[in-house]
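Here is the file coords.cif (mmCIF, N, CA and C atoms).
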data_my_file
loop_
_atom_site.label_atom_id
_atom_site.label_comp_id
_atom_site.auth_asym_id
_atom_site.auth_seq_id
_atom_site.Cartn_x
_atom_site.Cartn_y
_atom_site.Cartn_z
N MET A 1 114.61 293.66 31.80
CA MET A 1 114.62 292.39 32.50
C MET A 1 114.14 292.62 33.92
N ASP A 2 113.34 291.69 34.38
CA ASP A 2 112.82 291.81 35.74
C ASP A 2 112.55 290.42 36.28
N SER A 3 113.15 290.10 37.42
CA SER A 3 112.94 288.79 38.02
C SER A 3 111.69 288.78 38.91
N GLY A 4 111.09 289.95 39.14
CA GLY A 4 109.92 290.02 39.99
C GLY A 4 108.60 290.14 39.23
N VAL A 5 108.66 290.46 37.95
CA VAL A 5 107.44 290.61 37.16
C VAL A 5 106.96 289.22 36.72
N SER A 6 105.66 289.00 36.75
CA SER A 6 105.09 287.68 36.47
C SER A 6 105.04 287.34 34.98
N PHE A 7 104.99 288.36 34.13
CA PHE A 7 104.88 288.12 32.70
C PHE A 7 105.48 289.30 31.93
N HIS A 8 105.75 289.09 30.64
CA HIS A 8 106.29 290.15 29.79
C HIS A 8 105.22 291.24 29.63
N THR A 9 105.66 292.50 29.66
CA THR A 9 104.73 293.63 29.51
C THR A 9 105.32 294.71 28.63
N THR A 10 104.44 295.50 28.03
CA THR A 10 104.85 296.66 27.25
C THR A 10 103.76 297.73 27.31
N PRO A 11 104.15 299.01 27.31
CA PRO A 11 103.16 300.08 27.19
C PRO A 11 102.89 300.44 25.73
N SER A 12 103.66 299.89 24.80
CA SER A 12 103.63 300.30 23.40
C SER A 12 102.78 299.38 22.53
N LYS A 13 101.66 299.88 22.04
CA LYS A 13 100.80 299.10 21.14
C LYS A 13 101.52 298.83 19.81
N ASP A 14 102.42 299.71 19.41
CA ASP A 14 103.13 299.57 18.14
C ASP A 14 103.98 298.30 18.07
N LEU A 15 104.38 297.76 19.21
CA LEU A 15 105.21 296.55 19.22
C LEU A 15 104.40 295.28 19.02
N LEU A 16 103.08 295.36 19.22
CA LEU A 16 102.23 294.18 19.21
C LEU A 16 101.90 293.71 17.80
N SER A 17 101.84 292.38 17.63
CA SER A 17 101.39 291.80 16.37
C SER A 17 100.34 290.73 16.69
N ASN A 18 99.29 290.70 15.90
CA ASN A 18 98.21 289.72 16.09
C ASN A 18 97.68 289.74 17.52
N TYR A 19 97.38 290.93 17.99
CA TYR A 19 96.96 291.04 19.38
C TYR A 19 95.49 290.67 19.57
N ILE A 20 95.17 290.33 20.79
CA ILE A 20 93.81 290.04 21.21
C ILE A 20 93.43 291.10 22.24
N SER A 21 92.38 291.86 21.94
CA SER A 21 91.89 292.86 22.89
C SER A 21 90.94 292.19 23.88
N GLY A 22 90.86 292.75 25.06
CA GLY A 22 89.93 292.20 26.05
C GLY A 22 90.27 292.69 27.43
N ARG A 23 89.64 292.07 28.38
CA ARG A 23 89.92 292.36 29.78
C ARG A 23 90.79 291.23 30.31
N PHE A 24 92.04 291.53 30.55
CA PHE A 24 92.99 290.52 31.00
C PHE A 24 93.43 290.77 32.45
N GLY A 25 92.61 291.51 33.17
CA GLY A 25 92.90 291.74 34.57
C GLY A 25 93.69 293.02 34.81
N LYS A 26 94.33 293.05 35.93
CA LYS A 26 95.11 294.21 36.35
C LYS A 26 96.48 293.76 36.81
N VAL A 27 97.40 294.68 36.79
CA VAL A 27 98.71 294.46 37.38
C VAL A 27 98.83 295.46 38.54
N TYR A 28 99.38 294.99 39.65
CA TYR A 28 99.50 295.83 40.83
C TYR A 28 100.96 296.21 41.04
N LEU A 29 101.20 297.51 41.17
CA LEU A 29 102.54 298.04 41.33
C LEU A 29 102.93 298.10 42.80
N ALA A 30 104.20 298.34 43.04
CA ALA A 30 104.72 298.40 44.42
C ALA A 30 104.06 299.51 45.23
N ASP A 31 103.63 300.59 44.57
CA ASP A 31 102.98 301.69 45.28
C ASP A 31 101.48 301.45 45.46
N GLU A 32 101.03 300.23 45.20
CA GLU A 32 99.66 299.77 45.36
C GLU A 32 98.70 300.30 44.30
N LYS A 33 99.21 300.98 43.26
CA LYS A 33 98.36 301.38 42.13
C LYS A 33 98.08 300.14 41.29
N SER A 34 96.92 300.14 40.63
CA SER A 34 96.61 299.05 39.70
C SER A 34 96.47 299.61 38.29
N LEU A 35 96.95 298.85 37.32
CA LEU A 35 96.88 299.23 35.92
C LEU A 35 96.16 298.13 35.14
N ASP A 36 95.34 298.53 34.18
CA ASP A 36 94.58 297.57 33.37
C ASP A 36 95.45 296.94 32.29
N ILE A 37 95.28 295.64 32.11
CA ILE A 37 95.89 294.91 30.99
C ILE A 37 94.82 294.86 29.90
N VAL A 38 95.08 295.49 28.74
CA VAL A 38 94.04 295.65 27.72
C VAL A 38 94.22 294.77 26.48
N ARG A 39 95.41 294.23 26.30
CA ARG A 39 95.67 293.36 25.15
C ARG A 39 96.70 292.32 25.53
N ARG A 40 96.72 291.25 24.73
CA ARG A 40 97.76 290.22 24.86
C ARG A 40 98.23 289.91 23.45
N SER A 41 99.54 289.73 23.29
CA SER A 41 100.09 289.57 21.96
C SER A 41 101.48 288.96 22.02
N ASP A 42 102.02 288.68 20.85
CA ASP A 42 103.43 288.30 20.71
C ASP A 42 104.19 289.53 20.21
N ILE A 43 105.47 289.58 20.54
CA ILE A 43 106.35 290.65 20.06
C ILE A 43 107.58 290.01 19.46
N ASP A 44 107.96 290.45 18.27
CA ASP A 44 109.20 290.00 17.64
C ASP A 44 110.31 290.99 17.96
N ILE A 45 111.43 290.44 18.41
CA ILE A 45 112.61 291.24 18.74
C ILE A 45 113.74 290.84 17.80
N LYS A 46 114.38 291.82 17.21
CA LYS A 46 115.52 291.53 16.35
C LYS A 46 116.76 291.37 17.22
N THR A 47 117.43 290.23 17.10
CA THR A 47 118.62 289.95 17.91
C THR A 47 119.86 290.58 17.28
N SER A 48 120.95 290.56 18.02
CA SER A 48 122.20 291.13 17.52
C SER A 48 122.72 290.37 16.30
N SER A 49 122.29 289.12 16.13
CA SER A 49 122.72 288.34 14.96
C SER A 49 121.82 288.58 13.76
N GLY A 50 120.75 289.38 13.95
CA GLY A 50 119.85 289.71 12.85
C GLY A 50 118.62 288.81 12.75
N SER A 51 118.57 287.77 13.55
CA SER A 51 117.39 286.90 13.51
C SER A 51 116.30 287.46 14.41
N LEU A 52 115.08 286.92 14.27
CA LEU A 52 113.97 287.36 15.09
C LEU A 52 113.73 286.39 16.23
N TRP A 53 113.45 286.91 17.38
CA TRP A 53 113.11 286.12 18.55
C TRP A 53 111.74 286.60 19.00
N THR A 54 110.81 285.70 19.22
CA THR A 54 109.45 286.06 19.58
C THR A 54 109.20 285.87 21.07
N LEU A 55 108.73 286.93 21.72
CA LEU A 55 108.25 286.85 23.09
C LEU A 55 106.75 286.57 22.99
N HIS A 56 106.30 285.53 23.68
CA HIS A 56 104.90 285.12 23.61
C HIS A 56 104.10 285.66 24.78
N ASN A 57 102.81 285.87 24.54
CA ASN A 57 101.87 286.29 25.59
C ASN A 57 102.32 287.53 26.35
N VAL A 58 102.72 288.54 25.60
CA VAL A 58 103.11 289.82 26.18
C VAL A 58 101.84 290.59 26.51
N ARG A 59 101.77 291.15 27.71
CA ARG A 59 100.61 291.93 28.12
C ARG A 59 100.82 293.40 27.77
N HIS A 60 99.80 294.01 27.17
CA HIS A 60 99.84 295.43 26.84
C HIS A 60 99.18 296.20 27.98
N ILE A 61 99.98 297.04 28.63
CA ILE A 61 99.52 297.87 29.75
C ILE A 61 99.88 299.31 29.41
N PRO A 62 98.95 300.04 28.75
CA PRO A 62 99.28 301.38 28.26
C PRO A 62 99.83 302.34 29.30
N ALA A 63 99.38 302.25 30.55
CA ALA A 63 99.83 303.18 31.59
C ALA A 63 101.19 302.82 32.17
N LEU A 64 101.74 301.68 31.78
CA LEU A 64 103.07 301.29 32.26
C LEU A 64 104.12 302.18 31.61
N LYS A 65 105.22 302.39 32.28
CA LYS A 65 106.25 303.29 31.73
C LYS A 65 107.40 302.56 31.07
N ARG A 66 107.49 301.23 31.23
CA ARG A 66 108.65 300.50 30.72
C ARG A 66 108.23 299.17 30.10
N ASN A 67 109.04 298.71 29.16
CA ASN A 67 108.94 297.34 28.67
C ASN A 67 109.62 296.44 29.69
N LEU A 68 109.01 295.33 30.03
CA LEU A 68 109.62 294.40 30.98
C LEU A 68 109.59 292.99 30.42
N ILE A 69 110.72 292.32 30.49
CA ILE A 69 110.82 290.91 30.10
C ILE A 69 110.93 290.11 31.38
N SER A 70 110.03 289.15 31.54
CA SER A 70 109.96 288.36 32.76
C SER A 70 110.91 287.16 32.72
N ILE A 71 111.84 287.13 33.67
CA ILE A 71 112.74 285.98 33.79
C ILE A 71 111.93 284.72 34.10
N GLY A 72 110.92 284.84 34.96
CA GLY A 72 110.08 283.71 35.31
C GLY A 72 109.33 283.14 34.12
N GLN A 73 108.79 284.01 33.27
CA GLN A 73 108.07 283.54 32.08
C GLN A 73 109.03 282.85 31.12
N LEU A 74 110.23 283.41 30.96
CA LEU A 74 111.23 282.74 30.11
C LEU A 74 111.55 281.36 30.65
N ASP A 75 111.71 281.25 31.96
CA ASP A 75 111.99 279.96 32.59
C ASP A 75 110.83 278.99 32.37
N ASP A 76 109.60 279.46 32.55
CA ASP A 76 108.42 278.61 32.34
C ASP A 76 108.35 278.09 30.91
N GLU A 77 108.88 278.87 29.95
CA GLU A 77 108.86 278.49 28.54
C GLU A 77 110.05 277.62 28.17
N GLY A 78 110.89 277.26 29.16
CA GLY A 78 112.01 276.36 28.90
C GLY A 78 113.32 277.02 28.53
N HIS A 79 113.43 278.33 28.74
CA HIS A 79 114.67 279.04 28.45
C HIS A 79 115.61 278.98 29.65
N TYR A 80 116.90 279.03 29.36
CA TYR A 80 117.95 279.09 30.38
C TYR A 80 118.57 280.47 30.27
N THR A 81 118.58 281.22 31.36
CA THR A 81 119.03 282.60 31.35
C THR A 81 120.25 282.78 32.22
N THR A 82 121.27 283.49 31.69
CA THR A 82 122.45 283.80 32.48
C THR A 82 122.80 285.28 32.33
N PHE A 83 123.45 285.81 33.35
CA PHE A 83 123.93 287.18 33.36
C PHE A 83 125.40 287.16 33.74
N GLY A 84 126.21 287.95 33.07
CA GLY A 84 127.61 288.06 33.43
C GLY A 84 128.41 288.78 32.39
N ASN A 85 129.50 289.40 32.81
CA ASN A 85 130.40 290.13 31.91
C ASN A 85 129.67 291.15 31.05
N GLY A 86 128.70 291.83 31.64
CA GLY A 86 127.97 292.88 30.94
C GLY A 86 126.99 292.39 29.90
N ALA A 87 126.65 291.11 29.92
CA ALA A 87 125.73 290.57 28.91
C ALA A 87 124.64 289.73 29.56
N TRP A 88 123.54 289.65 28.87
CA TRP A 88 122.43 288.79 29.25
C TRP A 88 122.29 287.76 28.14
N LYS A 89 122.23 286.49 28.49
CA LYS A 89 122.14 285.43 27.49
C LYS A 89 120.95 284.54 27.81
N VAL A 90 120.19 284.22 26.77
CA VAL A 90 119.07 283.31 26.90
C VAL A 90 119.32 282.14 25.97
N MET A 91 119.23 280.93 26.53
CA MET A 91 119.50 279.73 25.75
C MET A 91 118.25 278.86 25.73
N GLU A 92 117.97 278.29 24.57
CA GLU A 92 116.86 277.37 24.43
C GLU A 92 117.32 276.17 23.62
N ALA A 93 117.11 274.99 24.14
CA ALA A 93 117.46 273.75 23.44
C ALA A 93 118.91 273.76 22.94
N CYS A 94 119.81 274.24 23.79
CA CYS A 94 121.25 274.27 23.51
C CYS A 94 121.65 275.19 22.37
N LEU A 95 120.79 276.14 22.00
CA LEU A 95 121.14 277.13 20.99
C LEU A 95 121.03 278.52 21.62
N TRP A 96 122.06 279.33 21.46
CA TRP A 96 121.98 280.69 21.97
C TRP A 96 121.04 281.46 21.07
N SER A 97 119.98 281.98 21.64
CA SER A 97 118.97 282.64 20.81
C SER A 97 118.93 284.15 21.00
N PHE A 98 119.60 284.68 22.02
CA PHE A 98 119.49 286.10 22.28
C PHE A 98 120.65 286.57 23.14
N TYR A 99 121.23 287.65 22.77
CA TYR A 99 122.23 288.32 23.60
C TYR A 99 121.64 289.67 23.94
N GLY A 100 121.62 290.04 25.21
CA GLY A 100 120.75 291.14 25.59
C GLY A 100 121.36 292.40 26.07
N GLY A 101 120.47 293.22 26.56
CA GLY A 101 120.80 294.51 27.08
C GLY A 101 120.54 295.62 26.08
N TRP A 102 121.01 295.49 24.88
CA TRP A 102 120.92 296.58 23.92
C TRP A 102 119.89 296.30 22.82
N ILE A 103 119.22 295.17 22.86
CA ILE A 103 118.30 294.83 21.78
C ILE A 103 116.87 295.26 22.08
N PHE A 104 116.35 294.90 23.21
CA PHE A 104 115.01 295.30 23.62
C PHE A 104 115.21 296.40 24.65
N VAL A 105 115.03 297.61 24.27
CA VAL A 105 115.41 298.75 25.11
C VAL A 105 114.46 298.87 26.29
N LEU A 106 115.02 298.81 27.47
CA LEU A 106 114.26 298.95 28.70
C LEU A 106 114.57 300.31 29.29
N GLN A 107 113.86 301.31 28.84
CA GLN A 107 114.15 302.69 29.27
C GLN A 107 113.53 303.00 30.60
#
Could I get this structure in the form of structure tokens?
Amino acid sequence: MDSGVSFHTTPSKDLLSNYISGRFGKVYLADEKSLDIVRRSDIDIKTSSGSLWTLHNVRHIPALKRNLISIGQLDDEGHYTTFGNGAWKVMEACLWSFYGGWIFVLQ
């Protein structure tokens, strides 16, 4: 989870489904390095309840070291996000769709 990242990102091509290859620009890191965005795709995440939750328009950045879920992108997509009591919760249309922290590993 990251409140400062503009969009969802992953370094892992294996997580991508139905990806589109191309030149999608660069991402600039705090140390002023730039990394190429080489693919865009959706990623399915298995929730603690066993259902699938899809993150849309995830950017594939092979040189990145971590998977990042953008709080801003979730908000733009109409999700309501809360943090507390050791849990991350994302709500959409009054249905709890994801309980976090241990499902999408952010190493």
Next item on the list: Taking the file above as input, evaluate the PyMOL selection byres (((chain A and resi 10-22 and name CA) around 7) and name CA) and report the hits as a VMD selection string.
Entry: chain A and resid 9 23 to 24 38 to 43 59 to 68
Check: How many Å lie between atom N of Ser48 in chain A and atom C of Trp88 in chain A, rounded to one decimal?
Finding: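 Between these atoms lies a distance of 10.6 Å.
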Note to self: What's the separation between CA of His79 in chain A and atom N of His8 in chain A, in Å to one decimal place?
What the structure shows: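 These two atoms are separated by 13.6 Å.
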Note to self: Once the PyMOL selection byres (((chain A and resi 90 and name CA) around 6) and name CA) has been evaluated on this model, what residues remain selected, and can you format them as a VMD selection string?
What the structure shows: chain A and resid 80 to 81 89 91 98
Next item on the list: Using CA of Leu74 in chain A and CA of Ile37 in chain A as the two end points, give the distance in Å to one decimal.
Entry: 19.6 Å
